[in-house]
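One structure below.
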Amino acid sequence: MKRPEPVLPDDDAGLPGPYDRAEAADLWFLPEEPEESLPLPGPAAGRLVEPEAWRAAEASLAGELSDLAFEAGRLSERLRGPGPGGVQRLALEEAAALSWWTGDRIGSDRLALWLSYRIGAADEGGEGLIRTAWAARRLMAPPVASVGTLVADMLGEAGRGDPAFAQEVAEALSGVTGLAGATRGCAAFHLWRSLDERPDHLRGLEAAVLASRLSGMGQGAGLATGQGGLAFLPLALTGFGALTASGAPERRLAAWLQGAHRAVLAALMALDRLALWRARAETQTADLSGRTPARMIAALATHPMLGAPQAEAETGASRAAVLRNLDLLEARGLVREVTGQGRFRVWTAKL
């Protein structure tokens with residue numbers, strides 16, 4: 001006996017079935033096009049930087065900005081003691097730290113080999129070494145007065161194919177000109193990383209160098225003179241939190257201030273260790289005659305790592321005198337050789 005099929009109530013609501021012929025040509029899974037009357041999301045009027053958002057972020061983080069400005073001022077003042085050599089040492093350390101964020105991973109010893117002997121550019125990763133040396137040169141460059149000049153100076157005299165590019169960037173940042181240096185630097189960093197005009201392998205490093213220099217303008221660090229001071233704000237000496245934040249401007253700025261604050265404190269502690277080492281080195285070499293030992297100590301304080309050709313150029317002594325004094329300082333526990341090689345050796349102060 002055939003079982004009767006159940007009778008179900010008709011719940012057809014007039015919707016088309018899966019096999020019914022479609023009446024409309026539109027595909028349901030495609031996103032709807034926005035109506036012309038509705039504004040598109042994104043920066044108003046096509047602006048790449050939202051001044052109102054960054055101004056609000058700065059106001060909410062006024063305490064953190066004040067703390068950073070105070071410590072940056074201390075660092076700038078402390079650098080007037082060692083003079084330009086202290087700025088150069090800090091720039092080399094910051095450039096090496098940035099190379100680890102960009103993936104080039106250039107250590108201070110490898111950077112010293114390139115600066116002293118021009119060794120390493122032809123090896124694997126040589127382009128990263130050249131980029132790191134470029135970053136160090138840009139960081140230790142004299143301060144400038146405007147954003148446009150800073151961008152043009154960073155890109156080179158010819159502007160790398162686009163002489164109007166620097167002015168366009170300056171105009172995009174014109175809305176945050178009156179804000180604190182750290183706020184301008186953070187906004188410039190995220191703007192530069194979003195530009196399609198720059199090559200991918202350069203964009204991150206260029207953004208960090210530009211932002212570091214821009215953050216130093218008006219941040220207490222922008223008072224660099226011939227006697228010392230600092231024309232950039234350290235960002236990566238203790239990590240990359242300042243460079244990896246995303247989200248709203250307030251969140252990006254908070255991470256920026258925190259990372260910069262830690263980097264500035266690390267730089268201050270490094271200067272303390274360097275000052276103690278110089279005092280100890282001068283005491284332990286007081287019995288030595290001539291000017292070469294004192295000049296060697298000054299050169300070692302200027303460079304995180306130092307090769308013989310650099311020491312020869314900075315002290316004015318012969319290669320034999322340089323090597324003899326380096327061996328003497330090493331025997332007295334003031335320096336150490338880091339390569340372990342017989343040739344192309346590099347030394348560093350034992351802080």
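Chain identifiers are assigned as A, B, and so on, following the order in which chains appear in the structure tokens; residues are numbered from 1 within each chain, and ligands are numbered from 1 in order of appearance.
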Sel. of alpha helix (DSSP H) residues, region 57-279 of chain A, as an mmCIF file with C-alpha atoms, in the first residue's frame:
data_model
loop_
_atom_site.group_PDB
_atom_site.id
_atom_site.type_symbol
_atom_site.label_atom_id
_atom_site.label_comp_id
_atom_site.auth_asym_id
_atom_site.auth_seq_id
_atom_site.Cartn_x
_atom_site.Cartn_y
_atom_site.Cartn_z
ATOM 1 C CA ALA A 57 44.491 63.022 18.749
ATOM 2 C CA GLU A 58 47.118 65.505 19.878
ATOM 3 C CA ALA A 59 44.707 67.130 22.320
ATOM 4 C CA SER A 60 43.838 63.775 23.887
ATOM 5 C CA ALA A 62 48.775 66.240 25.595
ATOM 6 C CA GLY A 63 50.384 64.666 28.660
ATOM 7 C CA GLU A 64 52.336 62.108 26.634
ATOM 8 C CA LEU A 65 53.453 64.820 24.220
ATOM 9 C CA SER A 66 54.695 66.953 27.098
ATOM 10 C CA ASP A 67 56.679 64.055 28.583
ATOM 11 C CA LEU A 68 58.292 63.301 25.227
ATOM 12 C CA ALA A 69 59.162 66.960 24.623
ATOM 13 C CA PHE A 70 60.844 67.145 28.031
ATOM 14 C CA GLU A 71 62.969 64.042 27.478
ATOM 15 C CA ALA A 72 63.809 65.058 23.898
ATOM 16 C CA GLY A 73 64.982 68.415 25.214
ATOM 17 C CA ARG A 74 67.185 66.637 27.752
ATOM 18 C CA LEU A 75 68.664 64.498 24.996
ATOM 19 C CA SER A 76 69.341 67.514 22.789
ATOM 20 C CA GLU A 77 71.060 69.299 25.639
ATOM 21 C CA ARG A 78 73.118 66.251 26.602
ATOM 22 C CA PRO A 84 78.456 66.347 16.509
ATOM 23 C CA GLY A 85 80.194 63.055 17.277
ATOM 24 C CA GLY A 86 77.419 62.084 19.675
ATOM 25 C CA VAL A 87 74.782 62.855 17.052
ATOM 26 C CA GLN A 88 76.669 60.762 14.508
ATOM 27 C CA ARG A 89 76.883 57.799 16.870
ATOM 28 C CA LEU A 90 73.162 57.979 17.647
ATOM 29 C CA ALA A 91 72.293 58.297 13.944
ATOM 30 C CA LEU A 92 74.334 55.198 13.097
ATOM 31 C CA GLU A 93 72.622 53.216 15.863
ATOM 32 C CA GLU A 94 69.169 54.399 14.788
ATOM 33 C CA ALA A 95 69.850 53.538 11.138
ATOM 34 C CA ALA A 96 71.011 50.047 12.100
ATOM 35 C CA ALA A 97 67.869 49.573 14.208
ATOM 36 C CA LEU A 98 65.637 50.722 11.342
ATOM 37 C CA SER A 99 67.280 48.165 9.052
ATOM 38 C CA TRP A 100 65.920 45.376 11.238
ATOM 39 C CA TRP A 101 62.427 46.796 10.894
ATOM 40 C CA THR A 102 62.705 46.989 7.103
ATOM 41 C CA SER A 108 76.619 47.973 13.417
ATOM 42 C CA ASP A 109 79.695 45.883 12.618
ATOM 43 C CA ARG A 110 78.642 45.389 8.997
ATOM 44 C CA LEU A 111 77.820 49.081 8.674
ATOM 45 C CA ALA A 112 81.268 49.924 10.044
ATOM 46 C CA LEU A 113 82.936 47.616 7.515
ATOM 47 C CA TRP A 114 81.153 49.471 4.727
ATOM 48 C CA LEU A 115 81.973 52.931 6.087
ATOM 49 C CA SER A 116 85.609 52.043 6.758
ATOM 50 C CA TYR A 117 86.561 49.654 3.970
ATOM 51 C CA GLY A 126 74.311 44.688 -0.316
ATOM 52 C CA GLU A 127 71.478 46.966 -1.387
ATOM 53 C CA GLY A 128 70.143 46.913 2.166
ATOM 54 C CA LEU A 129 73.579 47.932 3.436
ATOM 55 C CA ILE A 130 73.640 50.915 1.091
ATOM 56 C CA ARG A 131 70.111 51.885 2.160
ATOM 57 C CA THR A 132 71.120 51.753 5.826
ATOM 58 C CA ALA A 133 74.159 53.940 5.186
ATOM 59 C CA TRP A 134 71.886 56.373 3.342
ATOM 60 C CA ALA A 135 69.527 56.492 6.337
ATOM 61 C CA ALA A 136 72.417 57.259 8.685
ATOM 62 C CA ARG A 137 73.602 60.125 6.473
ATOM 63 C CA ARG A 138 70.113 61.602 6.249
ATOM 64 C CA LEU A 139 69.564 61.377 10.008
ATOM 65 C CA VAL A 147 58.825 70.252 5.169
ATOM 66 C CA GLY A 148 59.343 70.841 1.448
ATOM 67 C CA THR A 149 63.053 71.468 1.949
ATOM 68 C CA LEU A 150 63.318 68.372 4.122
ATOM 69 C CA VAL A 151 61.641 66.144 1.527
ATOM 70 C CA ALA A 152 63.733 67.565 -1.317
ATOM 71 C CA ASP A 153 66.898 67.165 0.730
ATOM 72 C CA MET A 154 65.990 63.584 1.554
ATOM 73 C CA LEU A 155 65.251 62.622 -2.047
ATOM 74 C CA PHE A 165 56.878 65.785 -5.542
ATOM 75 C CA ALA A 166 58.380 67.505 -2.480
ATOM 76 C CA GLN A 167 55.967 70.410 -2.803
ATOM 77 C CA GLU A 168 53.002 68.058 -3.142
ATOM 78 C CA VAL A 169 53.961 66.273 0.067
ATOM 79 C CA ALA A 170 54.404 69.587 1.854
ATOM 80 C CA GLU A 171 50.957 70.713 0.716
ATOM 81 C CA ALA A 172 49.398 67.446 1.893
ATOM 82 C CA GLY A 181 56.711 67.921 15.913
ATOM 83 C CA ALA A 182 55.891 64.362 16.964
ATOM 84 C CA THR A 183 52.340 64.685 15.638
ATOM 85 C CA ARG A 184 53.565 66.012 12.297
ATOM 86 C CA GLY A 185 56.110 63.235 12.080
ATOM 87 C CA CYS A 186 53.538 60.528 12.781
ATOM 88 C CA ALA A 187 51.140 61.945 10.180
ATOM 89 C CA ALA A 188 53.967 62.210 7.631
ATOM 90 C CA PHE A 189 55.057 58.621 8.304
ATOM 91 C CA HIS A 190 51.639 57.167 7.545
ATOM 92 C CA LEU A 191 51.160 59.497 4.574
ATOM 93 C CA TRP A 192 54.471 58.476 2.986
ATOM 94 C CA ARG A 193 53.805 54.764 3.453
ATOM 95 C CA ASP A 200 57.948 49.365 -2.134
ATOM 96 C CA HIS A 201 61.476 48.520 -0.972
ATOM 97 C CA LEU A 202 62.189 52.199 -0.177
ATOM 98 C CA ARG A 203 58.851 53.393 1.119
ATOM 99 C CA GLY A 204 59.142 52.170 4.708
ATOM 100 C CA LEU A 205 62.702 53.358 5.299
ATOM 101 C CA GLU A 206 62.064 56.719 3.643
ATOM 102 C CA ALA A 207 58.922 57.173 5.723
ATOM 103 C CA ALA A 208 60.795 56.455 8.960
ATOM 104 C CA VAL A 209 63.682 58.813 8.125
ATOM 105 C CA LEU A 210 61.357 61.618 7.019
ATOM 106 C CA ALA A 211 59.173 61.221 10.095
ATOM 107 C CA SER A 212 62.146 61.063 12.445
ATOM 108 C CA ARG A 213 63.558 64.282 11.009
ATOM 109 C CA LEU A 214 60.158 65.973 10.978
ATOM 110 C CA SER A 215 59.457 64.908 14.565
ATOM 111 C CA GLY A 216 62.722 66.558 15.576
ATOM 112 C CA GLY A 241 55.960 49.859 18.159
ATOM 113 C CA ALA A 242 56.019 53.420 16.819
ATOM 114 C CA LEU A 243 56.304 52.130 13.247
ATOM 115 C CA THR A 244 53.762 49.316 13.257
ATOM 116 C CA PRO A 249 45.083 58.705 14.305
ATOM 117 C CA GLU A 250 44.805 58.699 18.101
ATOM 118 C CA ARG A 251 45.889 55.071 18.292
ATOM 119 C CA ARG A 252 48.749 55.642 15.855
ATOM 120 C CA LEU A 253 49.931 58.734 17.682
ATOM 121 C CA ALA A 254 49.782 57.003 21.078
ATOM 122 C CA ALA A 255 52.046 54.204 19.832
ATOM 123 C CA TRP A 256 54.315 56.764 18.168
ATOM 124 C CA LEU A 257 54.776 58.748 21.374
ATOM 125 C CA GLN A 258 55.349 55.641 23.454
ATOM 126 C CA GLY A 259 57.944 54.207 21.064
ATOM 127 C CA ALA A 260 59.755 57.539 20.700
ATOM 128 C CA HIS A 261 59.766 58.072 24.472
ATOM 129 C CA ARG A 262 61.384 54.692 25.056
ATOM 130 C CA ALA A 263 63.944 55.313 22.322
ATOM 131 C CA VAL A 264 64.877 58.710 23.773
ATOM 132 C CA LEU A 265 65.324 57.208 27.255
ATOM 133 C CA ALA A 266 67.509 54.460 25.762
ATOM 134 C CA ALA A 267 69.619 57.111 24.030
ATOM 135 C CA LEU A 268 70.030 59.010 27.298
ATOM 136 C CA MET A 269 71.188 55.868 29.107
ATOM 137 C CA ALA A 270 73.612 55.113 26.256
ATOM 138 C CA LEU A 271 75.079 58.598 26.602
ATOM 139 C CA ASP A 272 75.529 58.022 30.349
ATOM 140 C CA ARG A 273 77.467 54.812 29.678
ATOM 141 C CA LEU A 274 79.516 56.567 27.006
ATOM 142 C CA ALA A 275 80.415 59.430 29.368
ATOM 143 C CA LEU A 276 81.555 56.966 32.039
ATOM 144 C CA TRP A 277 83.663 55.112 29.470
ATOM 145 C CA ARG A 278 85.324 58.304 28.254
ATOM 146 C CA ALA A 279 86.196 59.313 31.798
#
Residues near region 307-317 of chain A, cut-off 9 Å, only C-alpha atoms, skip fewer than 6 positions along chain, as an NGL selection string: :A and (112-113 or 115-117 or 291-292 or 294-296 or 298-300 or 323 or 326 or 344-348)
Hey, which of A:Ala121, A:Ala236, A:Ile106, A:Met217 ends up closest to Ala145 (chain A)? Count only C-alpha atoms.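 Among A:Ala121, A:Ala236, A:Ile106, A:Met217, it is A:Met217 that comes nearest to Ala145 (chain A).
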Among the residues A:Gly107, A:Pro234, A:Gly340, A:Gly247, the one that comes closest to Pro304 (chain A) [using only C-alpha atoms]: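 Counting only C-alpha atoms, the residue closest to Pro304 (chain A) is A:Gly107.
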